[in-house]
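J.: One structure is given below, represented as structure tokens, and several questions about it will come after.
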Amino acid sequence: MTKNFQFTLEKTDAGARLGEISMPRGTIRTPAFMPVGTVGTVKAMYLDQVRETGADIILGNTYHLMLRPTAERVARLGGLHKLIRWEHPILTDSGGFQVMSLSGLRKLDEQGVTFKSHVDGSLHHMSPERSIEIQGLLGSDIQMQLDECVALPAEPKEIERAMEMSLRWAERCKVAFGEQPGKAMFGIVQGGDIPALRIRSAEELTKLDLKGYAVGGLAVGEPQDVMLNMLKETLPVLPVEKPRYLMGVGTPDDILKSVARGIDMFDCVMPTRSGRHGLAFTRRGKVNIRNARHAEDMRPLDERSNCPASRDYSRAYLHHLVRANEALGGMLLSWHNLAYYQELMQGIRKAIAEGRFADFTAETMEEWARGDL
Ligand SMILES: Nc1nc2cc3nc(NCCc4ccc(C(=O)O)cc4)[nH]c3cc2c(=O)[nH]1
């Protein structure tokens with residue numbers, strides 16, 4: 001068992017990277033997909049099922065947990081891992097993005113963000129230091145800096161201002177985090193859709209010698225080619241020997257194309273949120289189980305899967321459950337989608353190990369294009 005945070009780059013295949021992050025609570029095989037457990041639960045899932053699908057790490061959110069049940073209460077209850085019964089690594093987002101997208105934002109200045117809770121309207125202030133303090137109280141293994149993610153499209157001046165403030169906040173978060181050997185604080189590259197700003201952000205963050213680097217400010221509605229172009233501009237500037245995390249991404253197609261450009265870690269609500277709404281991701285593309293064509297189809301979503309939700313339940317039953325808005329429908333489809341995402345990540349890791357990532361990508365996309373049986 002390692003007492004430090006250690007990233008090992010095992011193999012590369014063109015731009016794709018195979019590696020692993022070893023931490024006291026466990027090892028993260030990369031490229032990794034992190035299921036989102038916003039308020040201390042991966043919605044509609046038991047965490048031992050989440051583990052069974054192959055997840056090595058899950059995500060929690062500072063913004064939601066600071067509002068309810070509060071970081072101090074989680075700490076009094078023994079920390080997030082103990083409370084939710086997940087003893088593997090947890091990464092927590094810092095709250096900046098969620099404040100902008102969820103709360104009644106009141107003020108954002110050098111000191112931090114002031115906002116009204118979307119839960120009960122109470123007023124809160126969060127500085128970079130407080131975000132790191134909250135993540136520490138939660139017991140988070142990988143903590144994200146507080147940053148400002150600007151919604152695109154935006155004025156270049158605005159993007160530059162937010163990027164520069166995020167850099168100053170990164171320094172403050174590094175100081176607040178201090179030395180915690182078994183844990184890590186990641187910086188977040190900002191700069192919108194402007195290559196020069198992205199490069200400057202990545203260069204300045206690299207000087208801080210952090211344990212890992214996220215690419216933020218993307219998956220905010222921009223076209224996929226803009227996102228991929230920002231990766232092409234940003235990733236070569238980041239240190240090769242440290243993990244890169246693309247925040248909020250994405251669809252299976254986004255993931256394949258981002259791995260090809262050098263991303264190691266992903267998180268997205270897509271598999272769980274879509275699952276709750278009846279959308280299944282499969283090796284033959286997306287399947288909307290609400291569609292009438294499934295009403296009497298007794299085949300499972302994927303008889304080759306080792307996930308019971310994919311292998312043992314008929315489309316007809318899933319169709320019925322989702323149409324009836326029954327809880328089990330969202331549970332089974334969330335379970336299936338997470339299993340499919342982890343199966344995709346396992347296929348990616350195996351393909352990189354065998355030096356055939358380009359072939360794997362082509363084969364996978366061909367099968368998606370063939371469409372459902
Ligand atoms: N601290 C920080 N956190 C982030 C989280 C993000 N999450 C995204 N995108 C999520 C996209 C997203 C949203 C909803 C659904 C769905 O409902 O399925 C899917 C994807 N972009 C993001 C950017 C940042 C960022 O710069 N900084």
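Here's how to read the names in the structure tokens: chain A, B, ... by the order shown, residue numbers from 1 in each chain, ligand numbers from 1 in the order shown.
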Counting only C-alpha atoms and all ligand atoms, which protein, DNA or RNA residues come within 8 Å of ligand 1, given as JSON, numbers by chain?
T.: {"A": [93, 94, 95, 96, 97, 98, 144, 145, 146, 147, 148, 149, 150, 188, 189, 190, 215, 216, 217, 218, 219, 220, 221, 247, 248, 249, 250, 268, 269, 270, 271, 272, 273, 274]}
J.: Could you turn the residues from that selection into a file that holds N, CA, C and O atoms, as a CSV table (one decimal), in the first residue's frame?
T.:
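The resulting selection.csv:
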```csv
chain,number,residue,atom,x,y,z
A,93,ASP,N,-15.0,18.1,-6.9
A,93,ASP,CA,-14.9,19.3,-7.6
A,93,ASP,C,-15.0,20.4,-6.6
A,93,ASP,O,-15.6,20.3,-5.5
A,94,SER,N,-14.5,21.6,-7.0
A,94,SER,CA,-14.3,22.7,-6.0
A,94,SER,C,-15.5,23.6,-5.7
A,94,SER,O,-15.5,24.3,-4.7
A,95,GLY,N,-16.5,23.5,-6.6
A,95,GLY,CA,-17.7,24.3,-6.4
A,95,GLY,C,-17.9,25.5,-7.3
A,95,GLY,O,-19.0,26.0,-7.5
A,96,GLY,N,-16.8,26.0,-7.9
A,96,GLY,CA,-16.9,27.2,-8.8
A,96,GLY,C,-17.9,27.0,-9.9
A,96,GLY,O,-18.8,27.8,-10.1
A,97,PHE,N,-17.7,25.9,-10.6
A,97,PHE,CA,-18.6,25.6,-11.7
A,97,PHE,C,-20.1,25.4,-11.3
A,97,PHE,O,-21.0,26.0,-11.9
A,98,GLN,N,-20.3,24.7,-10.2
A,98,GLN,CA,-21.6,24.5,-9.7
A,98,GLN,C,-22.3,25.8,-9.2
A,98,GLN,O,-23.5,26.0,-9.4
A,144,MET,N,-9.9,19.7,-6.1
A,144,MET,CA,-9.8,20.6,-7.2
A,144,MET,C,-9.6,22.0,-6.7
A,144,MET,O,-10.3,22.4,-5.8
A,145,GLN,N,-8.8,22.8,-7.4
A,145,GLN,CA,-8.7,24.2,-7.1
A,145,GLN,C,-10.1,24.9,-7.3
A,145,GLN,O,-10.9,24.5,-8.1
A,146,LEU,N,-10.3,26.0,-6.6
A,146,LEU,CA,-11.5,26.9,-7.0
A,146,LEU,C,-11.1,27.7,-8.2
A,146,LEU,O,-10.0,28.2,-8.3
A,147,ASP,N,-12.0,27.7,-9.2
A,147,ASP,CA,-11.7,28.4,-10.4
A,147,ASP,C,-13.0,29.1,-10.9
A,147,ASP,O,-14.0,28.9,-10.4
A,148,GLU,N,-12.8,29.8,-12.0
A,148,GLU,CA,-14.0,30.5,-12.6
A,148,GLU,C,-14.1,29.9,-14.0
A,148,GLU,O,-13.2,30.1,-14.9
A,149,CYS,N,-15.2,29.2,-14.3
A,149,CYS,CA,-15.4,28.7,-15.6
A,149,CYS,C,-16.4,29.6,-16.4
A,149,CYS,O,-17.5,29.7,-16.0
A,150,VAL,N,-15.9,30.2,-17.5
A,150,VAL,CA,-16.8,31.1,-18.2
A,150,VAL,C,-17.6,30.4,-19.2
A,150,VAL,O,-17.1,29.5,-19.9
A,188,ILE,N,-6.6,23.7,-12.6
A,188,ILE,CA,-7.6,23.6,-13.7
A,188,ILE,C,-7.2,24.6,-14.7
A,188,ILE,O,-7.2,25.8,-14.4
A,189,VAL,N,-6.9,24.2,-15.9
A,189,VAL,CA,-6.6,25.1,-17.0
A,189,VAL,C,-7.9,25.7,-17.5
A,189,VAL,O,-8.9,25.0,-17.8
A,190,GLN,N,-7.8,27.0,-17.6
A,190,GLN,CA,-8.9,27.8,-18.2
A,190,GLN,C,-8.5,28.5,-19.5
A,190,GLN,O,-7.4,28.2,-20.0
A,215,VAL,N,-8.4,20.0,-17.4
A,215,VAL,CA,-8.7,21.0,-18.4
A,215,VAL,C,-10.2,21.3,-18.2
A,215,VAL,O,-11.1,20.5,-18.3
A,216,GLY,N,-10.4,22.6,-17.7
A,216,GLY,CA,-11.7,23.1,-17.4
A,216,GLY,C,-12.2,24.0,-18.5
A,216,GLY,O,-11.6,24.1,-19.6
A,217,GLY,N,-13.4,24.6,-18.3
A,217,GLY,CA,-14.0,25.5,-19.2
A,217,GLY,C,-14.4,24.9,-20.5
A,217,GLY,O,-14.7,25.6,-21.5
A,218,LEU,N,-14.5,23.6,-20.5
A,218,LEU,CA,-15.0,22.9,-21.8
A,218,LEU,C,-16.3,22.1,-21.4
A,218,LEU,O,-16.6,22.0,-20.2
A,219,ALA,N,-16.8,21.5,-22.4
A,219,ALA,CA,-18.1,20.8,-22.2
A,219,ALA,C,-19.1,21.7,-21.6
A,219,ALA,O,-19.9,21.4,-20.7
A,220,VAL,N,-19.1,23.0,-22.1
A,220,VAL,CA,-20.1,24.0,-21.7
A,220,VAL,C,-20.9,24.4,-22.9
A,220,VAL,O,-21.3,25.6,-23.0
A,221,GLY,N,-21.1,23.5,-23.8
A,221,GLY,CA,-22.0,23.8,-25.0
A,221,GLY,C,-21.2,24.1,-26.3
A,221,GLY,O,-21.9,24.2,-27.3
A,247,MET,N,-12.8,17.8,-17.5
A,247,MET,CA,-13.9,17.9,-16.6
A,247,MET,C,-15.2,17.8,-17.3
A,247,MET,O,-15.4,18.6,-18.3
A,248,GLY,N,-16.1,17.0,-16.9
A,248,GLY,CA,-17.5,17.0,-17.4
A,248,GLY,C,-17.7,16.2,-18.7
A,248,GLY,O,-18.7,16.3,-19.3
A,249,VAL,N,-16.7,15.5,-19.1
A,249,VAL,CA,-16.7,14.8,-20.4
A,249,VAL,C,-16.8,13.3,-20.2
A,249,VAL,O,-16.0,12.8,-19.4
A,250,GLY,N,-17.6,12.6,-20.9
A,250,GLY,CA,-18.6,13.1,-21.9
A,250,GLY,C,-19.3,11.9,-22.5
A,250,GLY,O,-19.5,10.9,-21.9
A,268,CYS,N,-18.6,12.4,-15.9
A,268,CYS,CA,-19.8,12.9,-16.6
A,268,CYS,C,-21.0,12.4,-16.0
A,268,CYS,O,-21.1,11.2,-15.6
A,269,VAL,N,-22.0,13.2,-15.9
A,269,VAL,CA,-23.3,12.7,-15.4
A,269,VAL,C,-24.1,12.0,-16.5
A,269,VAL,O,-25.1,11.3,-16.2
A,270,MET,N,-23.6,12.0,-17.7
A,270,MET,CA,-24.3,11.5,-18.8
A,270,MET,C,-24.9,10.0,-18.6
A,270,MET,O,-26.1,9.8,-18.8
A,271,PRO,N,-24.0,9.1,-18.3
A,271,PRO,CA,-24.5,7.7,-18.2
A,271,PRO,C,-25.6,7.5,-17.1
A,271,PRO,O,-26.6,6.8,-17.3
A,272,THR,N,-25.5,8.2,-16.0
A,272,THR,CA,-26.5,8.1,-14.9
A,272,THR,C,-27.7,8.9,-15.2
A,272,THR,O,-28.9,8.4,-15.2
A,273,ARG,N,-27.5,10.2,-15.6
A,273,ARG,CA,-28.7,11.0,-15.9
A,273,ARG,C,-29.5,10.5,-17.1
A,273,ARG,O,-30.7,10.4,-17.0
A,274,SER,N,-28.8,10.1,-18.2
A,274,SER,CA,-29.5,9.6,-19.3
A,274,SER,C,-30.2,8.3,-19.0
A,274,SER,O,-31.3,8.0,-19.4
```
J.: Got a sec: who's within 8 Å of Tyr313 in chain A, counting only C-alpha atoms, leaving out chain neighbours fewer than 5 positions off, as a count of residues only?
T.: 5
J.: Kindly indicate which residue among A:Leu228, A:Met126, A:Val175, A:Met331 lies nearest to Ile263 in chain A, using only C-alpha atoms for the distances.
T.: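 Of A:Leu228, A:Met126, A:Val175, A:Met331, the one nearest Ile263 in chain A, counting only C-alpha atoms, is A:Leu228.
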J.: Quick one: residues within 7 Å of Ile90 in chain A, only C-alpha atoms counted, chain neighbours fewer than 2 positions away excluded, as a list in words?
T.: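 Result of the neighbour search: Ile57, Ile58, Leu59, Gly60, His88, Thr92, Ser140, Asp141 and Ile142 of chain A.
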J.: Pull C-alpha atoms from the residues just selected and write them as a PDB file, in the first residue's frame.
T.:
```pdb
ATOM      1  CA  ILE A  57     -12.843   6.385  -8.117  1.00  0.00           C
ATOM      2  CA  ILE A  58     -16.018   8.454  -7.859  1.00  0.00           C
ATOM      3  CA  LEU A  59     -16.669  12.172  -7.826  1.00  0.00           C
ATOM      4  CA  GLY A  60     -18.328  14.317  -5.138  1.00  0.00           C
ATOM      5  CA  HIS A  88     -11.722   3.814  -2.605  1.00  0.00           C
ATOM      6  CA  THR A  92     -14.204  16.422  -5.317  1.00  0.00           C
ATOM      7  CA  SER A 140     -11.393  14.074  -0.408  1.00  0.00           C
ATOM      8  CA  ASP A 141      -8.393  12.287  -1.951  1.00  0.00           C
ATOM      9  CA  ILE A 142      -8.093  14.481  -5.064  1.00  0.00           C
TER      10      ILE A 142
END
```
J.: Excluding same-chain residues fewer than 4 positions from Thr38 in chain A, what lies within 9 Å of it counting only C-alpha atoms, as a ChimeraX atom specification?
T.: /A:42-43,59-65,92
J.: Any chance you can output those residues with C-alpha atoms as a CSV table (one decimal), in the first residue's frame?
T.:
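Dumped to again38.csv:
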```csv
chain,number,residue,atom,x,y,z
A,42,VAL,CA,-24.2,7.9,-7.5
A,43,LYS,CA,-27.9,8.4,-8.2
A,59,LEU,CA,-16.7,12.2,-7.8
A,60,GLY,CA,-18.3,14.3,-5.1
A,61,ASN,CA,-19.3,18.0,-5.2
A,62,THR,CA,-18.1,20.6,-2.7
A,63,TYR,CA,-21.0,22.9,-3.7
A,64,HIS,CA,-23.8,20.4,-2.9
A,65,LEU,CA,-22.2,18.9,0.2
A,92,THR,CA,-14.2,16.4,-5.3
```
J.: Please, which residues of range 200-366 of chain A, numbered as in this document, come out helix (DSSP H, G or I) from DSSP, as a VMD selection string?
T.: chain A and resid 200 to 207 224 to 237 252 to 260 270 to 276 292 to 294 308 to 311 315 to 323 327 to 353 357 to 366
J.: Need the shell around Asp48 in chain A: protein/DNA/RNA residues with any atom at most 12 Å away, counting only C-alpha atoms. Skip same-chain ones fewer than 2 positions apart. Format as a PDB file with all heavy atoms, in the first residue's frame?
T.:
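Saved as result_30.pdb:
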```
ATOM      1  N   THR A  41     -23.888  10.266  -3.330  1.00  0.00           N
ATOM      2  CA  THR A  41     -24.502   9.048  -3.876  1.00  0.00           C
ATOM      3  C   THR A  41     -24.428   9.115  -5.397  1.00  0.00           C
ATOM      4  O   THR A  41     -24.682  10.165  -5.986  1.00  0.00           O
ATOM      5  CB  THR A  41     -25.990   8.916  -3.459  1.00  0.00           C
ATOM      6  OG1 THR A  41     -26.660   8.050  -4.385  1.00  0.00           O
ATOM      7  CG2 THR A  41     -26.722  10.250  -3.450  1.00  0.00           C
ATOM      8  N   VAL A  42     -24.078   7.981  -6.021  1.00  0.00           N
ATOM      9  CA  VAL A  42     -24.182   7.892  -7.484  1.00  0.00           C
ATOM     10  C   VAL A  42     -25.651   7.538  -7.698  1.00  0.00           C
ATOM     11  O   VAL A  42     -26.082   6.423  -7.366  1.00  0.00           O
ATOM     12  CB  VAL A  42     -23.237   6.819  -8.056  1.00  0.00           C
ATOM     13  CG1 VAL A  42     -23.456   6.678  -9.570  1.00  0.00           C
ATOM     14  CG2 VAL A  42     -21.793   7.185  -7.748  1.00  0.00           C
ATOM     15  N   MET A  45     -27.911   4.108  -7.565  1.00  0.00           N
ATOM     16  CA  MET A  45     -26.981   2.972  -7.537  1.00  0.00           C
ATOM     17  C   MET A  45     -26.547   2.660  -6.109  1.00  0.00           C
ATOM     18  O   MET A  45     -26.365   3.585  -5.293  1.00  0.00           O
ATOM     19  CB  MET A  45     -25.712   3.319  -8.328  1.00  0.00           C
ATOM     20  CG  MET A  45     -25.897   3.509  -9.820  1.00  0.00           C
ATOM     21  SD  MET A  45     -26.225   1.993 -10.697  1.00  0.00           S
ATOM     22  CE  MET A  45     -24.634   1.151 -10.535  1.00  0.00           C
ATOM     23  N   TYR A  46     -26.334   1.379  -5.814  1.00  0.00           N
ATOM     24  CA  TYR A  46     -25.567   1.021  -4.615  1.00  0.00           C
ATOM     25  C   TYR A  46     -24.096   1.136  -4.990  1.00  0.00           C
ATOM     26  O   TYR A  46     -23.698   0.727  -6.096  1.00  0.00           O
ATOM     27  CB  TYR A  46     -25.864  -0.420  -4.208  1.00  0.00           C
ATOM     28  CG  TYR A  46     -27.227  -0.638  -3.603  1.00  0.00           C
ATOM     29  CD1 TYR A  46     -28.257  -1.221  -4.343  1.00  0.00           C
ATOM     30  CD2 TYR A  46     -27.494  -0.247  -2.291  1.00  0.00           C
ATOM     31  CE1 TYR A  46     -29.513  -1.414  -3.808  1.00  0.00           C
ATOM     32  CE2 TYR A  46     -28.758  -0.439  -1.734  1.00  0.00           C
ATOM     33  CZ  TYR A  46     -29.760  -1.024  -2.503  1.00  0.00           C
ATOM     34  OH  TYR A  46     -31.005  -1.205  -1.955  1.00  0.00           O
ATOM     35  N   VAL A  50     -21.508   0.050  -8.188  1.00  0.00           N
ATOM     36  CA  VAL A  50     -20.642   0.975  -8.927  1.00  0.00           C
ATOM     37  C   VAL A  50     -19.239   0.376  -8.982  1.00  0.00           C
ATOM     38  O   VAL A  50     -18.600   0.335 -10.031  1.00  0.00           O
ATOM     39  CB  VAL A  50     -20.615   2.365  -8.243  1.00  0.00           C
ATOM     40  CG1 VAL A  50     -19.545   3.267  -8.869  1.00  0.00           C
ATOM     41  CG2 VAL A  50     -21.984   3.026  -8.341  1.00  0.00           C
ATOM     42  N   ARG A  51     -18.772  -0.160  -7.856  1.00  0.00           N
ATOM     43  CA  ARG A  51     -17.452  -0.792  -7.794  1.00  0.00           C
ATOM     44  C   ARG A  51     -17.386  -1.980  -8.740  1.00  0.00           C
ATOM     45  O   ARG A  51     -16.429  -2.182  -9.470  1.00  0.00           O
ATOM     46  CB  ARG A  51     -17.141  -1.217  -6.363  1.00  0.00           C
ATOM     47  CG  ARG A  51     -15.780  -1.863  -6.156  1.00  0.00           C
ATOM     48  CD  ARG A  51     -14.645  -0.949  -6.420  1.00  0.00           C
ATOM     49  NE  ARG A  51     -13.356  -1.604  -6.247  1.00  0.00           N
ATOM     50  CZ  ARG A  51     -12.224  -1.129  -6.800  1.00  0.00           C
ATOM     51  NH1 ARG A  51     -12.253  -0.034  -7.560  1.00  0.00           N
ATOM     52  NH2 ARG A  51     -11.069  -1.748  -6.607  1.00  0.00           N
ATOM     53  N   GLU A  52     -18.463  -2.781  -8.729  1.00  0.00           N
ATOM     54  CA  GLU A  52     -18.541  -4.003  -9.546  1.00  0.00           C
ATOM     55  C   GLU A  52     -18.454  -3.677 -11.040  1.00  0.00           C
ATOM     56  O   GLU A  52     -17.927  -4.462 -11.829  1.00  0.00           O
ATOM     57  CB  GLU A  52     -19.893  -4.653  -9.263  1.00  0.00           C
ATOM     58  CG  GLU A  52     -20.026  -6.136  -9.419  1.00  0.00           C
ATOM     59  CD  GLU A  52     -21.461  -6.553  -9.016  1.00  0.00           C
ATOM     60  OE1 GLU A  52     -21.702  -6.635  -7.808  1.00  0.00           O
ATOM     61  OE2 GLU A  52     -22.298  -6.707  -9.939  1.00  0.00           O
ATOM     62  N   THR A  53     -18.952  -2.500 -11.433  1.00  0.00           N
ATOM     63  CA  THR A  53     -18.882  -2.157 -12.867  1.00  0.00           C
ATOM     64  C   THR A  53     -17.437  -1.873 -13.276  1.00  0.00           C
ATOM     65  O   THR A  53     -17.133  -1.809 -14.468  1.00  0.00           O
ATOM     66  CB  THR A  53     -19.729  -0.906 -13.204  1.00  0.00           C
ATOM     67  OG1 THR A  53     -19.170   0.233 -12.518  1.00  0.00           O
ATOM     68  CG2 THR A  53     -21.190  -1.098 -12.832  1.00  0.00           C
ATOM     69  N   GLY A  54     -16.536  -1.649 -12.275  1.00  0.00           N
ATOM     70  CA  GLY A  54     -15.127  -1.405 -12.597  1.00  0.00           C
ATOM     71  C   GLY A  54     -14.624  -0.023 -12.225  1.00  0.00           C
ATOM     72  O   GLY A  54     -13.504   0.352 -12.570  1.00  0.00           O
ATOM     73  N   ALA A  55     -15.451   0.754 -11.536  1.00  0.00           N
ATOM     74  CA  ALA A  55     -15.006   2.116 -11.166  1.00  0.00           C
ATOM     75  C   ALA A  55     -13.967   2.058 -10.060  1.00  0.00           C
ATOM     76  O   ALA A  55     -14.144   1.356  -9.057  1.00  0.00           O
ATOM     77  CB  ALA A  55     -16.210   2.937 -10.705  1.00  0.00           C
ATOM     78  N   ASP A  56     -12.864   2.811 -10.244  1.00  0.00           N
ATOM     79  CA  ASP A  56     -11.812   2.865  -9.206  1.00  0.00           C
ATOM     80  C   ASP A  56     -11.942   4.103  -8.329  1.00  0.00           C
ATOM     81  O   ASP A  56     -11.299   4.205  -7.280  1.00  0.00           O
ATOM     82  CB  ASP A  56     -10.431   2.919  -9.876  1.00  0.00           C
ATOM     83  CG  ASP A  56     -10.069   1.624 -10.579  1.00  0.00           C
ATOM     84  OD1 ASP A  56     -10.557   0.567 -10.141  1.00  0.00           O
ATOM     85  OD2 ASP A  56      -9.324   1.661 -11.571  1.00  0.00           O
ATOM     86  N   ILE A  58     -14.792   7.718  -7.551  1.00  0.00           N
ATOM     87  CA  ILE A  58     -16.018   8.454  -7.859  1.00  0.00           C
ATOM     88  C   ILE A  58     -15.816   9.920  -7.511  1.00  0.00           C
ATOM     89  O   ILE A  58     -14.862  10.293  -6.835  1.00  0.00           O
ATOM     90  CB  ILE A  58     -17.249   7.897  -7.093  1.00  0.00           C
ATOM     91  CG1 ILE A  58     -17.062   8.051  -5.575  1.00  0.00           C
ATOM     92  CG2 ILE A  58     -17.537   6.459  -7.499  1.00  0.00           C
ATOM     93  CD1 ILE A  58     -18.328   7.744  -4.785  1.00  0.00           C
ATOM     94  N   ILE A  84     -20.613   7.308   3.275  1.00  0.00           N
ATOM     95  CA  ILE A  84     -21.277   6.717   2.092  1.00  0.00           C
ATOM     96  C   ILE A  84     -20.831   5.276   1.862  1.00  0.00           C
ATOM     97  O   ILE A  84     -21.323   4.618   0.948  1.00  0.00           O
ATOM     98  CB  ILE A  84     -21.030   7.574   0.825  1.00  0.00           C
ATOM     99  CG1 ILE A  84     -19.576   7.476   0.341  1.00  0.00           C
ATOM    100  CG2 ILE A  84     -21.431   9.021   1.088  1.00  0.00           C
ATOM    101  CD1 ILE A  84     -19.329   8.216  -0.991  1.00  0.00           C
ATOM    102  N   ARG A  85     -19.843   4.793   2.654  1.00  0.00           N
ATOM    103  CA  ARG A  85     -19.334   3.424   2.557  1.00  0.00           C
ATOM    104  C   ARG A  85     -18.660   3.167   1.214  1.00  0.00           C
ATOM    105  O   ARG A  85     -18.981   2.218   0.493  1.00  0.00           O
ATOM    106  CB  ARG A  85     -20.432   2.408   2.853  1.00  0.00           C
ATOM    107  CG  ARG A  85     -21.066   2.643   4.239  1.00  0.00           C
ATOM    108  CD  ARG A  85     -22.130   1.610   4.583  1.00  0.00           C
ATOM    109  NE  ARG A  85     -21.511   0.298   4.792  1.00  0.00           N
ATOM    110  CZ  ARG A  85     -21.716  -0.747   3.999  1.00  0.00           C
ATOM    111  NH1 ARG A  85     -22.517  -0.638   2.951  1.00  0.00           N
ATOM    112  NH2 ARG A  85     -21.119  -1.898   4.248  1.00  0.00           N
ATOM    113  N   TRP A  86     -17.737   4.111   0.846  1.00  0.00           N
ATOM    114  CA  TRP A  86     -16.914   3.929  -0.353  1.00  0.00           C
ATOM    115  C   TRP A  86     -15.475   4.125   0.101  1.00  0.00           C
ATOM    116  O   TRP A  86     -15.058   5.263   0.407  1.00  0.00           O
ATOM    117  CB  TRP A  86     -17.276   4.960  -1.436  1.00  0.00           C
ATOM    118  CG  TRP A  86     -16.369   4.991  -2.635  1.00  0.00           C
ATOM    119  CD1 TRP A  86     -15.264   5.790  -2.813  1.00  0.00           C
ATOM    120  CD2 TRP A  86     -16.475   4.178  -3.826  1.00  0.00           C
ATOM    121  NE1 TRP A  86     -14.690   5.546  -4.040  1.00  0.00           N
ATOM    122  CE2 TRP A  86     -15.405   4.567  -4.680  1.00  0.00           C
ATOM    123  CE3 TRP A  86     -17.353   3.184  -4.267  1.00  0.00           C
ATOM    124  CZ2 TRP A  86     -15.201   3.983  -5.940  1.00  0.00           C
ATOM    125  CZ3 TRP A  86     -17.160   2.604  -5.521  1.00  0.00           C
ATOM    126  CH2 TRP A  86     -16.089   3.000  -6.336  1.00  0.00           C
ATOM    127  N   GLU A  87     -14.691   3.070   0.210  1.00  0.00           N
ATOM    128  CA  GLU A  87     -13.352   3.170   0.785  1.00  0.00           C
ATOM    129  C   GLU A  87     -12.267   3.334  -0.282  1.00  0.00           C
ATOM    130  O   GLU A  87     -11.087   3.230   0.034  1.00  0.00           O
ATOM    131  CB  GLU A  87     -13.057   1.942   1.658  1.00  0.00           C
ATOM    132  CG  GLU A  87     -13.823   1.969   2.986  1.00  0.00           C
ATOM    133  CD  GLU A  87     -13.703   3.299   3.767  1.00  0.00           C
ATOM    134  OE1 GLU A  87     -12.630   3.961   3.652  1.00  0.00           O
ATOM    135  OE2 GLU A  87     -14.643   3.683   4.466  1.00  0.00           O
ATOM    136  N   HIS A  88     -12.694   3.582  -1.513  1.00  0.00           N
ATOM    137  CA  HIS A  88     -11.722   3.814  -2.605  1.00  0.00           C
ATOM    138  C   HIS A  88     -11.559   5.333  -2.768  1.00  0.00           C
ATOM    139  O   HIS A  88     -12.214   6.112  -2.087  1.00  0.00           O
ATOM    140  CB  HIS A  88     -12.244   3.140  -3.870  1.00  0.00           C
ATOM    141  CG  HIS A  88     -12.691   1.737  -3.646  1.00  0.00           C
ATOM    142  ND1 HIS A  88     -11.803   0.695  -3.479  1.00  0.00           N
ATOM    143  CD2 HIS A  88     -13.943   1.203  -3.486  1.00  0.00           C
ATOM    144  CE1 HIS A  88     -12.483  -0.427  -3.264  1.00  0.00           C
ATOM    145  NE2 HIS A  88     -13.774  -0.153  -3.261  1.00  0.00           N
ATOM    146  N   TRP A 335     -27.331   1.417 -14.041  1.00  0.00           N
ATOM    147  CA  TRP A 335     -26.381   0.323 -13.816  1.00  0.00           C
ATOM    148  C   TRP A 335     -25.804  -0.135 -15.156  1.00  0.00           C
ATOM    149  O   TRP A 335     -24.584  -0.268 -15.336  1.00  0.00           O
ATOM    150  CB  TRP A 335     -27.106  -0.815 -13.094  1.00  0.00           C
ATOM    151  CG  TRP A 335     -26.262  -1.922 -12.546  1.00  0.00           C
ATOM    152  CD1 TRP A 335     -24.897  -1.997 -12.521  1.00  0.00           C
ATOM    153  CD2 TRP A 335     -26.751  -3.111 -11.919  1.00  0.00           C
ATOM    154  NE1 TRP A 335     -24.501  -3.159 -11.927  1.00  0.00           N
ATOM    155  CE2 TRP A 335     -25.608  -3.884 -11.538  1.00  0.00           C
ATOM    156  CE3 TRP A 335     -28.019  -3.595 -11.631  1.00  0.00           C
ATOM    157  CZ2 TRP A 335     -25.726  -5.118 -10.903  1.00  0.00           C
ATOM    158  CZ3 TRP A 335     -28.119  -4.843 -10.991  1.00  0.00           C
ATOM    159  CH2 TRP A 335     -26.994  -5.580 -10.637  1.00  0.00           C
TER     160      TRP A 335
END
```
J.: Quick one: residues within 12 Å of Asn291 in chain A, only C-alpha atoms counted, chain neighbours fewer than 5 positions away excluded, as a VMD selection string?
T.: chain A and resid 278 to 280 286 296 to 297 315 to 316 318 to 320 322 to 323
J.: Find the residue from A:Asp372, A:Asn306, A:Gly182, A:Pro195 that sits nearest to Gly139 in chain A; use only C-alpha atoms when measuring.
T.: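 Distance minimum relative to Gly139 in chain A lands on A:Gly182.
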